[in-house]
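K.L.:
This is the structure I have questions about; it appears just below.
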Amino acid sequence: MSALSDDSVVIADAAPVVRRLPLWRQLSHNTSVVAGAAVLALILLLGLLAPLLDTMDPSQINPSNRNKIPGAEVTMRLDDGSVVGHTAWMGTDSLGRDVHSRVLYGVRVSVIVGVSVSVISIAIGLLIGLVSGYIRWLDGIVMRVMDGLMAIPAILLAIALVSLWGSGLVTVILAIVVPEVPRVVRLVRALVLSIREEPYVEAAIAAGTRLPRILVFHILPNTVAPLIVQATYICASAILIEAILSFLGVGIPTTTPTWGNIMAEGRQFFRIYPHNILFPGIFLALTVLAVNIMGDGLRDTLDPKMAKRTG
């Protein structure tokens with residue numbers, strides 16, 4: 001009996017060996033990440049290959065092609081002056097421009113805005129959040145400034161900044177970055193306040209490690225996963241805000257094809273020719289939805305707590 005009891009104790013005490021899959025394998029097993037990435041990749045591919053997908057000059061005006069329905073045959077003028085037939089797969093707008101061409105070329109603007117705002121916001125917010133979360137006397141001052149910025153709705157702050165700085169791609173990007181930075185700062189600050197109490201950080205402080213080295217080698221690596229997830233949400237928000245600014249006429253100039261500009265120019269004839277708003281709206285909704293779904297999947301995979309709940 002004693003031998004059996006000893007064996008049972010040994011078996012009970014033996015902990016199961018858990019082998020953690022590589023990160024890329026975990027992501028490939030997450031349906032949200034795969035679905036969101038697939039839709040986003042398809043939209044990006046359409047934007048990059050726009051010149052090869054039966055498109056014409058998105059800014060070419062032809063009054064004889066005004067307000068054609070999707071699938072109608074229209075004429076287009078080539079660079080050498082010759083006129084050829086062309087199928088307007090998404091119809092034409094009130095100036096005779098091909099909506100199909102403008103929507104596909106608009107993908108590029110949305111991607112540039114979304115990625116640029118994400119990278120700049122994360123970079124600035126990470127720097128401020130690290131310093132604010134670790135230096136106690138500076139934390140109160142910085143966070144009050146961040147709270148003041150967050151008290152203003154993001155779209156209203158962006159409109160005010162664009163009105164002050166003027167319209168343009170760079171201006172729109174910077175105007176969207178300003179309201180997004182406080183959200184990153186608060187996230188990084190919360191992480192730093194938690195990480196700085198960990199034993200390995202206290203050991204580094206006791207060993208006389210300099211502050212920059214503590215921030216870079218001990219605290220920064222633990223903020224990467226949450227920031228990657230936050231970057232996806234910022235990207236989706238930036239694409240949506242850019243479209244709103246362009247729709248309101250205070251964003252990127254109308255000479256540049258963007259989804260917001262296309263919808264703004266087609267709203268007067270929406271009841272008669274809904275395709276001017278329908279197609280860019282579908283692309284905008286799919287892009288924002290794909291980025292958000294991918295962000296949810298990344299959160300579930302990179303956050304150990306969420307992984308345990310869903311596992």
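By convention in this document, the chains of the structure tokens carry letters A, B, ... by their order, each chain's residues are numbered from 1, and ligands are numbered from 1 in the order they are shown.
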Give me the residues near A:Leu284 as a PyMOL selection string, where near means some atom within 9 Å (using only C-alpha atoms) and where sequence neighbours in that chain fewer than 2 positions away do not count.

P.N.:
chain A and resi 107+110+239-240+243+259-260+279-282+286-289

K.L.:
What's the 7 Å shell around A:Cys235, counting only C-alpha atoms, without same-chain residues fewer than 5 positions away, as a list in words?

P.N.:
Gly114, Val115, Val117 and Ser118 of chain A

K.L.:
Would you return as a PyMOL selection string the members of stretch 69-132 of chain A that DSSP assigns to alpha helix (DSSP H) on this structure's backbone?

P.N.:
chain A and resi 99-132

K.L.:
Quick one: everything within 12 Å of A:Asp296, counting only C-alpha atoms, minus sequence neighbours fewer than 2 positions away in the same chain. Send it as JSON, numbers by chain.

P.N.:
{"A": [27, 30, 31, 32, 33, 34, 35, 36, 37, 226, 228, 229, 230, 231, 232, 233, 289, 290, 291, 292, 293, 294, 298, 299, 300, 301, 302, 303, 306, 307]}

K.L.:
Counting only C-alpha atoms, figure out which residue out of A:Gly295, A:Pro212, A:Gly249, A:Pro51 gets nearest to A:Ile135.

P.N.:
A:Pro212

K.L.:
State, in Å with one decimal place, the distance from atom CA of A:Leu227 to atom CA of A:Ser132.

P.N.:
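Separation between atom CA of A:Leu227 and atom CA of A:Ser132: 16.5 Å.
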
K.L.:
May I have a table of the residues of stretch 89-160 of chain A lying at most 12 Å from stretch 196-202 of chain A, giving each one's closest pair of atoms and their distance in Å to one decimal, counting only C-alpha atoms, ordered by chain and ascending residue number, as CSV?

P.N.:
```
residue,atom,partner,partner_atom,distance
A:Leu130,CA,A:Arg196,CA,10.5
A:Val131,CA,A:Arg196,CA,11.9
A:Gly133,CA,A:Arg196,CA,8.7
A:Tyr134,CA,A:Arg196,CA,7.4
A:Ile135,CA,A:Arg196,CA,10.7
A:Arg136,CA,A:Arg196,CA,11.6
```

K.L.:
Filtering to N, CA and C atoms, could you give me those residues as a PDB file, in the first residue's frame?

P.N.:
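Everything below was put into selection_4.pdb:
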```pdb
ATOM      1  N   LEU A 130       6.584  56.088 -21.532  1.00  0.00           N
ATOM      2  CA  LEU A 130       7.691  55.510 -20.769  1.00  0.00           C
ATOM      3  C   LEU A 130       8.217  56.491 -19.732  1.00  0.00           C
ATOM      4  N   VAL A 131       8.456  57.711 -20.177  1.00  0.00           N
ATOM      5  CA  VAL A 131       8.997  58.727 -19.266  1.00  0.00           C
ATOM      6  C   VAL A 131       7.979  59.090 -18.196  1.00  0.00           C
ATOM      7  N   GLY A 133       5.409  57.317 -17.035  1.00  0.00           N
ATOM      8  CA  GLY A 133       5.117  56.239 -16.103  1.00  0.00           C
ATOM      9  C   GLY A 133       6.243  55.952 -15.129  1.00  0.00           C
ATOM     10  N   TYR A 134       7.468  56.310 -15.484  1.00  0.00           N
ATOM     11  CA  TYR A 134       8.596  55.973 -14.618  1.00  0.00           C
ATOM     12  C   TYR A 134       9.028  57.134 -13.732  1.00  0.00           C
ATOM     13  N   ILE A 135       8.910  58.354 -14.241  1.00  0.00           N
ATOM     14  CA  ILE A 135       9.305  59.526 -13.454  1.00  0.00           C
ATOM     15  C   ILE A 135       8.050  60.088 -12.781  1.00  0.00           C
ATOM     16  N   ARG A 136       7.942  59.892 -11.493  1.00  0.00           N
ATOM     17  CA  ARG A 136       6.699  60.197 -10.778  1.00  0.00           C
ATOM     18  C   ARG A 136       6.342  61.681 -10.809  1.00  0.00           C
TER      19      ARG A 136
END
```

K.L.:
Within stretch 52-187 of chain A, find each residue whose DSSP state, derived from the backbone, is strand (DSSP E or B), and express the selection as number ranges by chain.

P.N.:
A: 72-77, 83-88, 92, 98

K.L.:
Write out as JSON, numbers by chain each polymer residue whose atoms come within 9 Å of stretch 137-153 of chain A, counting only C-alpha atoms; drop sequence neighbours fewer than 6 positions from it.

P.N.:
{"A": [128, 129, 131, 178, 179, 180, 181, 182, 183, 185, 186, 189]}

K.L.:
Could you please take those selected residues and save N, CA and C atoms as a short mmCIF file (atom, residue, chain, number, x, y, z; two decimals), in the first residue's frame?

P.N.:
```cif
data_model
loop_
_atom_site.label_atom_id
_atom_site.label_comp_id
_atom_site.auth_asym_id
_atom_site.auth_seq_id
_atom_site.Cartn_x
_atom_site.Cartn_y
_atom_site.Cartn_z
N ILE A 128 6.60 59.25 -24.64
CA ILE A 128 6.01 60.03 -23.55
C ILE A 128 5.52 59.13 -22.43
N GLY A 129 4.90 58.00 -22.79
CA GLY A 129 4.37 57.09 -21.78
C GLY A 129 5.45 56.45 -20.93
N VAL A 131 8.46 57.71 -20.18
CA VAL A 131 9.00 58.73 -19.27
C VAL A 131 7.98 59.09 -18.20
N VAL A 178 -2.50 63.82 -33.45
CA VAL A 178 -2.61 64.55 -32.18
C VAL A 178 -3.65 63.94 -31.24
N PRO A 179 -4.89 63.67 -31.67
CA PRO A 179 -5.85 63.04 -30.72
C PRO A 179 -5.58 61.57 -30.44
N GLU A 180 -4.75 60.91 -31.24
CA GLU A 180 -4.46 59.49 -30.99
C GLU A 180 -3.33 59.30 -30.00
N VAL A 181 -2.41 60.24 -29.90
CA VAL A 181 -1.25 60.10 -29.01
C VAL A 181 -1.66 59.92 -27.55
N PRO A 182 -2.61 60.69 -27.00
CA PRO A 182 -2.97 60.50 -25.58
C PRO A 182 -3.43 59.08 -25.25
N ARG A 183 -4.10 58.41 -26.17
CA ARG A 183 -4.55 57.04 -25.92
C ARG A 183 -3.37 56.08 -25.79
N VAL A 185 -0.33 57.05 -24.87
CA VAL A 185 0.37 57.45 -23.64
C VAL A 185 -0.26 56.79 -22.42
N ARG A 186 -1.57 56.80 -22.35
CA ARG A 186 -2.26 56.20 -21.19
C ARG A 186 -2.02 54.69 -21.14
N ARG A 189 1.71 54.16 -20.10
CA ARG A 189 1.87 54.57 -18.70
C ARG A 189 1.34 53.49 -17.76
#
```

K.L.:
Which residues are near A:Phe247? Cut-off 10 Å, only C-alpha atoms, ignore same chain within fewer than 3 positions. Put them as number ranges by chain.

P.N.:
A: 241-244, 250-252, 254, 258-265, 267

K.L.:
Please determine, counting only C-alpha atoms, which residue among A:Val103, A:Val184, A:Val170, A:Ala88 has the shortest atom-to-atom distance to A:Leu46.

P.N.:
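Of all the options, A:Val103 lies closest to A:Leu46.
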
K.L.:
Applying 10 Å and only C-alpha atoms, which residues near A:Pro257 remain after dropping the ones on its own chain fewer than 4 positions away? List them as a VMD selection string.

P.N.:
chain A and resid 58 to 59 99 101 to 109 246 252 to 253 261 to 262

K.L.:
How many Å lie between atom CA of A:Ile219 and atom CA of A:Leu191, rounded to one decimal?

P.N.:
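These two atoms are separated by 8.6 Å.
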
K.L.:
Need to verify the contact set: A:Pro63, 9 Å, only C-alpha atoms, exclusion of same-chain residues closer than 5 positions in sequence. Can you return it as JSON, numbers by chain?

P.N.:
{"A": [94, 95, 96, 97]}

K.L.:
Next, dump the selected residues to file, keeping only N, CA and C atoms, as a PDB file, in the first residue's frame.

P.N.:
```
ATOM      1  N   SER A  94     -20.589  62.739 -61.391  1.00  0.00           N
ATOM      2  CA  SER A  94     -21.233  63.878 -62.057  1.00  0.00           C
ATOM      3  C   SER A  94     -20.293  64.625 -62.989  1.00  0.00           C
ATOM      4  N   LEU A  95     -18.997  64.353 -62.918  1.00  0.00           N
ATOM      5  CA  LEU A  95     -18.024  64.980 -63.816  1.00  0.00           C
ATOM      6  C   LEU A  95     -17.538  64.010 -64.889  1.00  0.00           C
ATOM      7  N   GLY A  96     -18.104  62.822 -64.915  1.00  0.00           N
ATOM      8  CA  GLY A  96     -17.715  61.851 -65.926  1.00  0.00           C
ATOM      9  C   GLY A  96     -16.479  61.045 -65.582  1.00  0.00           C
ATOM     10  N   ARG A  97     -16.035  61.113 -64.341  1.00  0.00           N
ATOM     11  CA  ARG A  97     -14.851  60.350 -63.933  1.00  0.00           C
ATOM     12  C   ARG A  97     -15.245  58.929 -63.552  1.00  0.00           C
TER      13      ARG A  97
END
```

K.L.:
A:Ile61, A:Val216, A:Leu245, A:Ile173: which is nearest A:Val119, counting only C-alpha atoms?

P.N.:
A:Ile173

K.L.:
Report, in Å to a single decimal, how far apart atom CA of A:Asp93 and atom CA of A:Asn276 are.

P.N.:
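That distance, rounded to one decimal, is 6.2 Å.
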
K.L.:
Find, counting only C-alpha atoms, the residue in A:Met56, A:Ile234, A:Ala204, A:Ala160 that gets nearest to A:Ile120.

P.N.:
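Residue with the minimum atom-to-atom distance to A:Ile120: A:Ile234.
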